[in-house]
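Pasting target-v4.txt here (compact mmCIF, N, CA and C atoms):
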# COMPACT_ATOMS: atom_id res chain seq x y z
N MET O 1 0.81 -1.19 0.00
CA MET O 1 0.00 0.00 0.00
C MET O 1 0.86 1.26 0.00
N ALA O 2 2.00 1.24 0.70
CA ALA O 2 2.89 2.40 0.73
C ALA O 2 3.48 2.67 -0.64
N PHE O 3 3.63 1.62 -1.44
CA PHE O 3 4.18 1.77 -2.77
C PHE O 3 3.27 2.62 -3.66
N ALA O 4 1.97 2.52 -3.47
CA ALA O 4 1.00 3.27 -4.28
C ALA O 4 0.99 4.74 -3.90
N GLN O 5 1.47 5.11 -2.71
CA GLN O 5 1.46 6.49 -2.27
C GLN O 5 2.62 7.31 -2.83
N VAL O 6 3.68 6.66 -3.32
CA VAL O 6 4.85 7.38 -3.79
C VAL O 6 4.52 8.32 -4.95
N PRO O 7 3.85 7.90 -6.00
CA PRO O 7 3.53 8.85 -7.07
C PRO O 7 2.64 10.00 -6.59
N PHE O 8 1.72 9.71 -5.66
CA PHE O 8 0.85 10.77 -5.14
C PHE O 8 1.67 11.81 -4.39
N GLU O 9 2.58 11.38 -3.52
CA GLU O 9 3.41 12.31 -2.76
C GLU O 9 4.29 13.15 -3.69
N LYS O 10 4.84 12.51 -4.70
CA LYS O 10 5.68 13.22 -5.66
C LYS O 10 4.87 14.26 -6.43
N ARG O 11 3.67 13.88 -6.84
CA ARG O 11 2.80 14.81 -7.55
C ARG O 11 2.37 15.95 -6.64
N LEU O 12 2.07 15.64 -5.39
CA LEU O 12 1.66 16.66 -4.44
C LEU O 12 2.79 17.67 -4.19
N ARG O 13 4.03 17.19 -4.04
CA ARG O 13 5.18 18.09 -3.87
C ARG O 13 5.34 19.01 -5.08
N ARG O 14 5.17 18.46 -6.29
CA ARG O 14 5.29 19.26 -7.51
C ARG O 14 4.21 20.34 -7.56
N ILE O 15 2.99 19.99 -7.17
CA ILE O 15 1.89 20.96 -7.18
C ILE O 15 2.12 22.06 -6.16
N VAL O 16 2.57 21.70 -4.96
CA VAL O 16 2.83 22.71 -3.93
C VAL O 16 3.96 23.63 -4.35
N LYS O 17 5.02 23.06 -4.94
CA LYS O 17 6.14 23.87 -5.40
C LYS O 17 5.68 24.84 -6.49
N ASN O 18 4.88 24.37 -7.43
CA ASN O 18 4.37 25.21 -8.50
C ASN O 18 3.45 26.31 -7.93
N HIS O 19 2.66 25.97 -6.95
CA HIS O 19 1.77 26.95 -6.32
C HIS O 19 2.58 28.04 -5.61
N GLN O 20 3.67 27.65 -4.94
CA GLN O 20 4.52 28.64 -4.27
C GLN O 20 5.19 29.56 -5.28
N ARG O 21 5.59 29.01 -6.41
CA ARG O 21 6.19 29.84 -7.45
C ARG O 21 5.17 30.80 -8.05
N MET O 22 3.89 30.40 -8.08
CA MET O 22 2.85 31.26 -8.63
C MET O 22 2.47 32.39 -7.67
N ALA O 23 2.92 32.34 -6.44
CA ALA O 23 2.63 33.41 -5.50
C ALA O 23 3.28 34.71 -5.94
N ASN O 24 4.35 34.66 -6.75
CA ASN O 24 5.02 35.85 -7.24
C ASN O 24 4.38 36.42 -8.49
N GLY O 25 3.36 35.78 -8.98
CA GLY O 25 2.67 36.25 -10.17
C GLY O 25 2.57 35.15 -11.21
N VAL O 26 1.62 35.32 -12.10
CA VAL O 26 1.41 34.31 -13.13
C VAL O 26 1.29 34.97 -14.49
N THR O 27 1.54 34.18 -15.50
CA THR O 27 1.25 34.57 -16.88
C THR O 27 0.32 33.51 -17.44
N HIS O 28 -0.59 33.93 -18.26
CA HIS O 28 -1.56 33.00 -18.85
C HIS O 28 -1.20 32.75 -20.30
N ARG O 29 -1.23 31.49 -20.68
CA ARG O 29 -0.92 31.10 -22.05
C ARG O 29 -2.01 30.17 -22.56
N VAL O 30 -2.25 30.24 -23.84
CA VAL O 30 -3.22 29.36 -24.47
C VAL O 30 -2.43 28.24 -25.16
N ASP O 31 -2.74 26.99 -24.81
CA ASP O 31 -2.02 25.88 -25.42
C ASP O 31 -2.67 25.48 -26.74
N ASN O 32 -2.20 24.40 -27.33
CA ASN O 32 -2.69 23.97 -28.65
C ASN O 32 -4.16 23.59 -28.65
N ASN O 33 -4.67 23.15 -27.52
CA ASN O 33 -6.07 22.73 -27.43
C ASN O 33 -7.01 23.89 -27.14
N GLY O 34 -6.49 25.09 -26.96
CA GLY O 34 -7.32 26.24 -26.64
C GLY O 34 -7.54 26.41 -25.15
N LEU O 35 -6.86 25.62 -24.34
CA LEU O 35 -6.99 25.70 -22.89
C LEU O 35 -6.06 26.78 -22.36
N ILE O 36 -6.60 27.66 -21.52
CA ILE O 36 -5.79 28.72 -20.92
C ILE O 36 -5.11 28.15 -19.68
N GLN O 37 -3.78 28.21 -19.65
CA GLN O 37 -3.03 27.67 -18.53
C GLN O 37 -2.25 28.78 -17.84
N ALA O 38 -2.20 28.73 -16.52
CA ALA O 38 -1.44 29.69 -15.74
C ALA O 38 -0.06 29.11 -15.47
N HIS O 39 0.97 29.90 -15.76
CA HIS O 39 2.35 29.51 -15.52
C HIS O 39 2.97 30.55 -14.59
N PRO O 40 3.88 30.10 -13.72
CA PRO O 40 4.52 31.08 -12.84
C PRO O 40 5.34 32.09 -13.65
N ARG O 41 5.27 33.34 -13.19
CA ARG O 41 6.05 34.38 -13.85
C ARG O 41 7.51 34.21 -13.47
N ILE O 42 8.36 34.23 -14.43
CA ILE O 42 9.79 34.06 -14.18
C ILE O 42 10.37 35.41 -13.80
N TYR O 43 11.06 35.44 -12.68
CA TYR O 43 11.67 36.68 -12.20
C TYR O 43 13.14 36.67 -12.59
N ASN O 44 13.50 37.54 -13.49
CA ASN O 44 14.88 37.69 -13.93
C ASN O 44 15.35 39.09 -13.58
N PRO O 45 16.00 39.25 -12.44
CA PRO O 45 16.49 40.60 -12.13
C PRO O 45 17.59 40.98 -13.11
N LYS O 46 17.47 42.13 -13.68
CA LYS O 46 18.44 42.57 -14.66
C LYS O 46 19.19 43.79 -14.12
N PHE O 47 20.49 43.72 -14.18
CA PHE O 47 21.32 44.85 -13.76
C PHE O 47 21.37 45.86 -14.90
N PRO O 48 21.16 47.13 -14.59
CA PRO O 48 21.14 48.13 -15.66
C PRO O 48 22.56 48.45 -16.15
N LEU O 49 23.12 47.54 -16.94
CA LEU O 49 24.49 47.69 -17.42
C LEU O 49 24.64 48.91 -18.32
N ARG O 50 23.65 49.16 -19.15
CA ARG O 50 23.72 50.31 -20.04
C ARG O 50 23.77 51.62 -19.25
N GLY O 51 22.97 51.71 -18.21
CA GLY O 51 22.98 52.90 -17.36
C GLY O 51 24.31 53.09 -16.65
N LEU O 52 24.89 51.99 -16.20
CA LEU O 52 26.20 52.07 -15.53
C LEU O 52 27.28 52.54 -16.50
N ILE O 53 27.27 52.04 -17.72
CA ILE O 53 28.25 52.47 -18.72
C ILE O 53 28.06 53.95 -19.06
N LEU O 54 26.82 54.39 -19.19
CA LEU O 54 26.56 55.81 -19.45
C LEU O 54 27.03 56.69 -18.30
N LEU O 55 26.82 56.23 -17.07
CA LEU O 55 27.25 56.99 -15.90
C LEU O 55 28.77 57.12 -15.86
N ILE O 56 29.47 56.03 -16.12
CA ILE O 56 30.94 56.07 -16.10
C ILE O 56 31.47 56.94 -17.24
N GLY O 57 30.86 56.82 -18.41
CA GLY O 57 31.27 57.65 -19.54
C GLY O 57 31.05 59.13 -19.27
N THR O 58 29.92 59.46 -18.67
CA THR O 58 29.62 60.85 -18.32
C THR O 58 30.61 61.37 -17.28
N ALA O 59 30.98 60.53 -16.33
CA ALA O 59 31.95 60.93 -15.31
C ALA O 59 33.31 61.24 -15.95
N PHE O 60 33.74 60.42 -16.91
CA PHE O 60 35.00 60.69 -17.58
C PHE O 60 34.92 61.96 -18.42
N LEU O 61 33.79 62.19 -19.08
CA LEU O 61 33.63 63.43 -19.83
C LEU O 61 33.67 64.65 -18.91
N PHE O 62 33.03 64.55 -17.76
CA PHE O 62 33.02 65.64 -16.79
C PHE O 62 34.42 65.92 -16.28
N LYS O 63 35.13 64.85 -15.91
CA LYS O 63 36.50 65.02 -15.43
C LYS O 63 37.39 65.62 -16.50
N GLY O 64 37.25 65.15 -17.73
CA GLY O 64 38.05 65.69 -18.82
C GLY O 64 37.74 67.14 -19.11
N TYR O 65 36.46 67.51 -19.02
CA TYR O 65 36.07 68.90 -19.23
C TYR O 65 36.67 69.80 -18.16
N ILE O 66 36.58 69.38 -16.92
CA ILE O 66 37.15 70.19 -15.83
C ILE O 66 38.66 70.29 -15.98
N TYR O 67 39.31 69.19 -16.33
CA TYR O 67 40.76 69.19 -16.52
C TYR O 67 41.15 70.14 -17.65
N ALA O 68 40.37 70.12 -18.74
CA ALA O 68 40.68 70.97 -19.89
C ALA O 68 40.45 72.44 -19.58
N THR O 69 39.41 72.76 -18.83
CA THR O 69 39.11 74.17 -18.55
C THR O 69 40.01 74.75 -17.47
N LEU O 70 40.34 73.98 -16.44
CA LEU O 70 41.17 74.50 -15.35
C LEU O 70 42.65 74.50 -15.69
N GLY O 71 43.07 73.54 -16.45
CA GLY O 71 44.49 73.38 -16.71
C GLY O 71 45.09 72.41 -15.71
N GLU O 72 46.28 71.91 -16.04
CA GLU O 72 46.89 70.85 -15.24
C GLU O 72 47.25 71.32 -13.84
N THR O 73 47.88 72.48 -13.71
CA THR O 73 48.36 72.91 -12.38
C THR O 73 47.21 73.21 -11.43
N THR O 74 46.21 73.92 -11.89
CA THR O 74 45.07 74.24 -11.03
C THR O 74 44.30 72.99 -10.65
N TYR O 75 44.15 72.08 -11.60
CA TYR O 75 43.43 70.83 -11.33
C TYR O 75 44.15 70.02 -10.26
N VAL O 76 45.47 69.89 -10.40
CA VAL O 76 46.25 69.12 -9.42
C VAL O 76 46.21 69.79 -8.05
N GLU O 77 46.26 71.12 -8.01
CA GLU O 77 46.19 71.83 -6.73
C GLU O 77 44.84 71.59 -6.04
N ARG O 78 43.78 71.64 -6.79
CA ARG O 78 42.45 71.43 -6.20
C ARG O 78 42.26 69.99 -5.72
N ILE O 79 42.80 69.04 -6.46
CA ILE O 79 42.73 67.64 -6.03
C ILE O 79 43.56 67.45 -4.77
N ALA O 80 44.70 68.11 -4.68
CA ALA O 80 45.53 68.03 -3.48
C ALA O 80 44.80 68.63 -2.28
N GLY O 81 44.06 69.70 -2.51
CA GLY O 81 43.26 70.29 -1.43
C GLY O 81 42.17 69.34 -0.95
N LEU O 82 41.57 68.61 -1.88
CA LEU O 82 40.56 67.62 -1.49
C LEU O 82 41.19 66.47 -0.72
N ALA O 83 42.41 66.09 -1.09
CA ALA O 83 43.07 64.94 -0.45
C ALA O 83 43.40 65.21 1.01
N ASP O 84 43.44 66.48 1.41
CA ASP O 84 43.74 66.82 2.81
C ASP O 84 42.49 66.93 3.66
N GLY O 85 41.32 66.73 3.10
CA GLY O 85 40.06 66.96 3.81
C GLY O 85 39.53 65.73 4.52
N THR O 86 38.22 65.70 4.65
CA THR O 86 37.54 64.61 5.35
C THR O 86 37.58 63.34 4.51
N LEU O 87 36.97 62.30 5.05
CA LEU O 87 36.96 61.01 4.35
C LEU O 87 36.24 61.10 3.00
N ILE O 88 35.15 61.81 2.96
CA ILE O 88 34.40 61.95 1.70
C ILE O 88 35.20 62.78 0.70
N GLU O 89 35.88 63.83 1.17
CA GLU O 89 36.70 64.64 0.27
C GLU O 89 37.88 63.84 -0.26
N ARG O 90 38.47 62.99 0.58
CA ARG O 90 39.56 62.14 0.12
C ARG O 90 39.08 61.14 -0.92
N ALA O 91 37.87 60.61 -0.71
CA ALA O 91 37.30 59.70 -1.71
C ALA O 91 37.05 60.44 -3.02
N GLY O 92 36.57 61.67 -2.94
CA GLY O 92 36.37 62.48 -4.13
C GLY O 92 37.68 62.79 -4.83
N ALA O 93 38.75 63.03 -4.06
CA ALA O 93 40.06 63.28 -4.65
C ALA O 93 40.57 62.04 -5.36
N TRP O 94 40.31 60.88 -4.78
CA TRP O 94 40.76 59.64 -5.42
C TRP O 94 40.00 59.41 -6.73
N ILE O 95 38.70 59.70 -6.72
CA ILE O 95 37.89 59.51 -7.94
C ILE O 95 38.27 60.54 -9.00
N MET O 96 38.54 61.77 -8.58
CA MET O 96 38.80 62.85 -9.53
C MET O 96 40.25 62.94 -9.99
N GLN O 97 41.13 62.08 -9.49
CA GLN O 97 42.52 62.15 -9.93
C GLN O 97 42.61 61.91 -11.44
N ALA O 98 43.60 62.55 -12.05
CA ALA O 98 43.75 62.47 -13.50
C ALA O 98 44.25 61.08 -13.90
N ASP O 99 43.48 60.41 -14.73
CA ASP O 99 43.87 59.10 -15.24
C ASP O 99 44.00 59.21 -16.76
N PRO O 100 44.48 58.16 -17.42
CA PRO O 100 44.67 58.25 -18.88
C PRO O 100 43.39 58.60 -19.65
N ALA O 101 42.25 58.09 -19.21
CA ALA O 101 41.00 58.39 -19.91
C ALA O 101 40.66 59.87 -19.77
N THR O 102 40.86 60.42 -18.59
CA THR O 102 40.58 61.84 -18.36
C THR O 102 41.50 62.70 -19.20
N LEU O 103 42.78 62.33 -19.25
CA LEU O 103 43.73 63.10 -20.04
C LEU O 103 43.40 63.03 -21.53
N ALA O 104 42.94 61.87 -22.00
CA ALA O 104 42.57 61.73 -23.41
C ALA O 104 41.35 62.59 -23.74
N VAL O 105 40.35 62.57 -22.86
CA VAL O 105 39.15 63.38 -23.09
C VAL O 105 39.51 64.86 -23.05
N ALA O 106 40.38 65.26 -22.11
CA ALA O 106 40.79 66.66 -22.01
C ALA O 106 41.55 67.09 -23.26
N GLN O 107 42.39 66.21 -23.78
CA GLN O 107 43.15 66.55 -24.99
C GLN O 107 42.21 66.75 -26.19
N VAL O 108 41.19 65.87 -26.31
CA VAL O 108 40.23 66.01 -27.40
C VAL O 108 39.43 67.31 -27.24
N LEU O 109 39.00 67.61 -26.02
CA LEU O 109 38.24 68.83 -25.79
C LEU O 109 39.08 70.08 -26.05
N GLN O 110 40.37 70.05 -25.69
CA GLN O 110 41.25 71.19 -25.97
C GLN O 110 41.47 71.35 -27.46
N SER O 111 41.54 70.25 -28.19
CA SER O 111 41.72 70.35 -29.64
C SER O 111 40.47 70.90 -30.32
N ILE O 112 39.30 70.64 -29.74
CA ILE O 112 38.05 71.18 -30.28
C ILE O 112 37.96 72.68 -30.02
N GLY O 113 38.51 73.08 -28.88
CA GLY O 113 38.49 74.50 -28.56
C GLY O 113 37.68 74.84 -27.32
N LEU O 114 37.35 73.85 -26.52
CA LEU O 114 36.58 74.13 -25.30
C LEU O 114 37.46 74.51 -24.16

Structure translated into structure tokens:
Amino acid sequence: MAFAQVPFEKRLRRIVKNHQRMANGVTHRVDNNGLIQAHPRIYNPKFPLRGLILLIGTAFLFKGYIYATLGETTYVERIAGLADGTLIERAGAWIMQADPATLAVAQVLQSIGL
């Protein structure tokens, strides 16, 4: 008699698991027979990679613009002033330090005439 209960228990576990997955939402689909079936909605968290790339690109453009307009000596002096400040100012000095990308953007902006 216990042998006959195994498929039932397995089926019951599958139904409960599917029901728990449907608690997050469902999508309805029509199968080949015209029957409307509810399927659990698949949750795929997506990291906004495009937004992150745009943010980093904008930061490099901003740094390059400031470097081009202030000039090398003034820019380095202001970054040195930030490096002597609080923890947040030191973090800002580390982020704003001139790197190859900033220097390249500044060179392009200076050649344009900004």

Open item on the list: I'd like the neighbourhood of range 91-93 of chain O as JSON, numbers by chain, where a residue qualifies if any of its atoms comes within 6.5 Å (using all atoms listed in the file), though same-chain residues fewer than 6 positions away should be ignored.
Closed with: {"O": [79, 82, 83]}

Cut-off 9 Å: closest range 3-98 of chain O/range 108-113 of chain O atom pairs per residue, using only C-alpha atoms, as a Markdown table:
| residue | atom | partner | partner_atom | distance |
| --- | --- | --- | --- | --- |
| O:Gly64 | CA | O:Leu109 | CA | 7.6 |
| O:Tyr65 | CA | O:Leu109 | CA | 6.9 |
| O:Ala68 | CA | O:Gln110 | CA | 6.1 |
| O:Thr69 | CA | O:Gln110 | CA | 8.3 |

Exercise. Write out as a VMD selection string each polymer residue whose atoms come within 8 Å of Tyr67 in chain O, counting only N, CA and C atoms; drop sequence neighbours fewer than 4 positions from it.
Key: chain O and resid 61 to 63 71 to 72 74 to 76 98 102 to 103 105 to 107

Write the residues of the preceding selection, restricted to N, CA and C atoms, as an mmCIF file, in the frame of the given file.
data_model
loop_
_atom_site.group_PDB
_atom_site.id
_atom_site.type_symbol
_atom_site.label_atom_id
_atom_site.label_comp_id
_atom_site.auth_asym_id
_atom_site.auth_seq_id
_atom_site.Cartn_x
_atom_site.Cartn_y
_atom_site.Cartn_z
ATOM 1 N N LEU O 61 33.790 62.190 -19.080
ATOM 2 C CA LEU O 61 33.630 63.430 -19.830
ATOM 3 C C LEU O 61 33.670 64.650 -18.910
ATOM 4 N N PHE O 62 33.030 64.550 -17.760
ATOM 5 C CA PHE O 62 33.020 65.640 -16.790
ATOM 6 C C PHE O 62 34.420 65.920 -16.280
ATOM 7 N N LYS O 63 35.130 64.850 -15.910
ATOM 8 C CA LYS O 63 36.500 65.020 -15.430
ATOM 9 C C LYS O 63 37.390 65.620 -16.500
ATOM 10 N N GLY O 71 43.070 73.540 -16.450
ATOM 11 C CA GLY O 71 44.490 73.380 -16.710
ATOM 12 C C GLY O 71 45.090 72.410 -15.710
ATOM 13 N N GLU O 72 46.280 71.910 -16.040
ATOM 14 C CA GLU O 72 46.890 70.850 -15.240
ATOM 15 C C GLU O 72 47.250 71.320 -13.840
ATOM 16 N N THR O 74 46.210 73.920 -11.890
ATOM 17 C CA THR O 74 45.070 74.240 -11.030
ATOM 18 C C THR O 74 44.300 72.990 -10.650
ATOM 19 N N TYR O 75 44.150 72.080 -11.600
ATOM 20 C CA TYR O 75 43.430 70.830 -11.330
ATOM 21 C C TYR O 75 44.150 70.020 -10.260
ATOM 22 N N VAL O 76 45.470 69.890 -10.400
ATOM 23 C CA VAL O 76 46.250 69.120 -9.420
ATOM 24 C C VAL O 76 46.210 69.790 -8.050
ATOM 25 N N ALA O 98 43.600 62.550 -12.050
ATOM 26 C CA ALA O 98 43.750 62.470 -13.500
ATOM 27 C C ALA O 98 44.250 61.080 -13.900
ATOM 28 N N THR O 102 40.860 60.420 -18.590
ATOM 29 C CA THR O 102 40.580 61.840 -18.360
ATOM 30 C C THR O 102 41.500 62.700 -19.200
ATOM 31 N N LEU O 103 42.780 62.330 -19.250
ATOM 32 C CA LEU O 103 43.730 63.100 -20.040
ATOM 33 C C LEU O 103 43.400 63.030 -21.530
ATOM 34 N N VAL O 105 40.350 62.570 -22.860
ATOM 35 C CA VAL O 105 39.150 63.380 -23.090
ATOM 36 C C VAL O 105 39.510 64.860 -23.050
ATOM 37 N N ALA O 106 40.380 65.260 -22.110
ATOM 38 C CA ALA O 106 40.790 66.660 -22.010
ATOM 39 C C ALA O 106 41.550 67.090 -23.260
ATOM 40 N N GLN O 107 42.390 66.210 -23.780
ATOM 41 C CA GLN O 107 43.150 66.550 -24.990
ATOM 42 C C GLN O 107 42.210 66.750 -26.190
#

- Message: Just checking: using all atoms listed in the file, which residue out of O:Leu55, O:Ala80, O:Val6, O:Ile42 ends up closest to Thr27 in chain O?
- Response: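 Among the listed residues, the smallest separation from Thr27 in chain O belongs to O:Ile42.
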
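Coordinates place atom C of Ala59 in chain O at a distance of 26.9 Å from CA of Pro45 in chain O.
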
Could you state the separation of CA of Gly25 in chain O and CA of Arg41 in chain O in Å, given to one decimal place?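 Separation between CA of Gly25 in chain O and CA of Arg41 in chain O: 5.3 Å.
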
Return as AutoDock Vina command-line options the box centre and box size in Å, one decimal, for an axis-aligned box around all listed atoms of range 93-98 of chain O padded by 5 Å per side.
--center_x 41.1 --center_y 61.3 --center_z -9.0 --size_x 16.4 --size_y 13.9 --size_z 19.8

Between atom C of Met22 in chain O and atom N of Leu35 in chain O lies a distance of 20.3 Å

Test item: residues at most 7 Å from Arg21 in chain O, only N, CA and C atoms, excluding those fewer than 5 positions along its chain, as a PyMOL selection string: chain O and resi 16+39-41
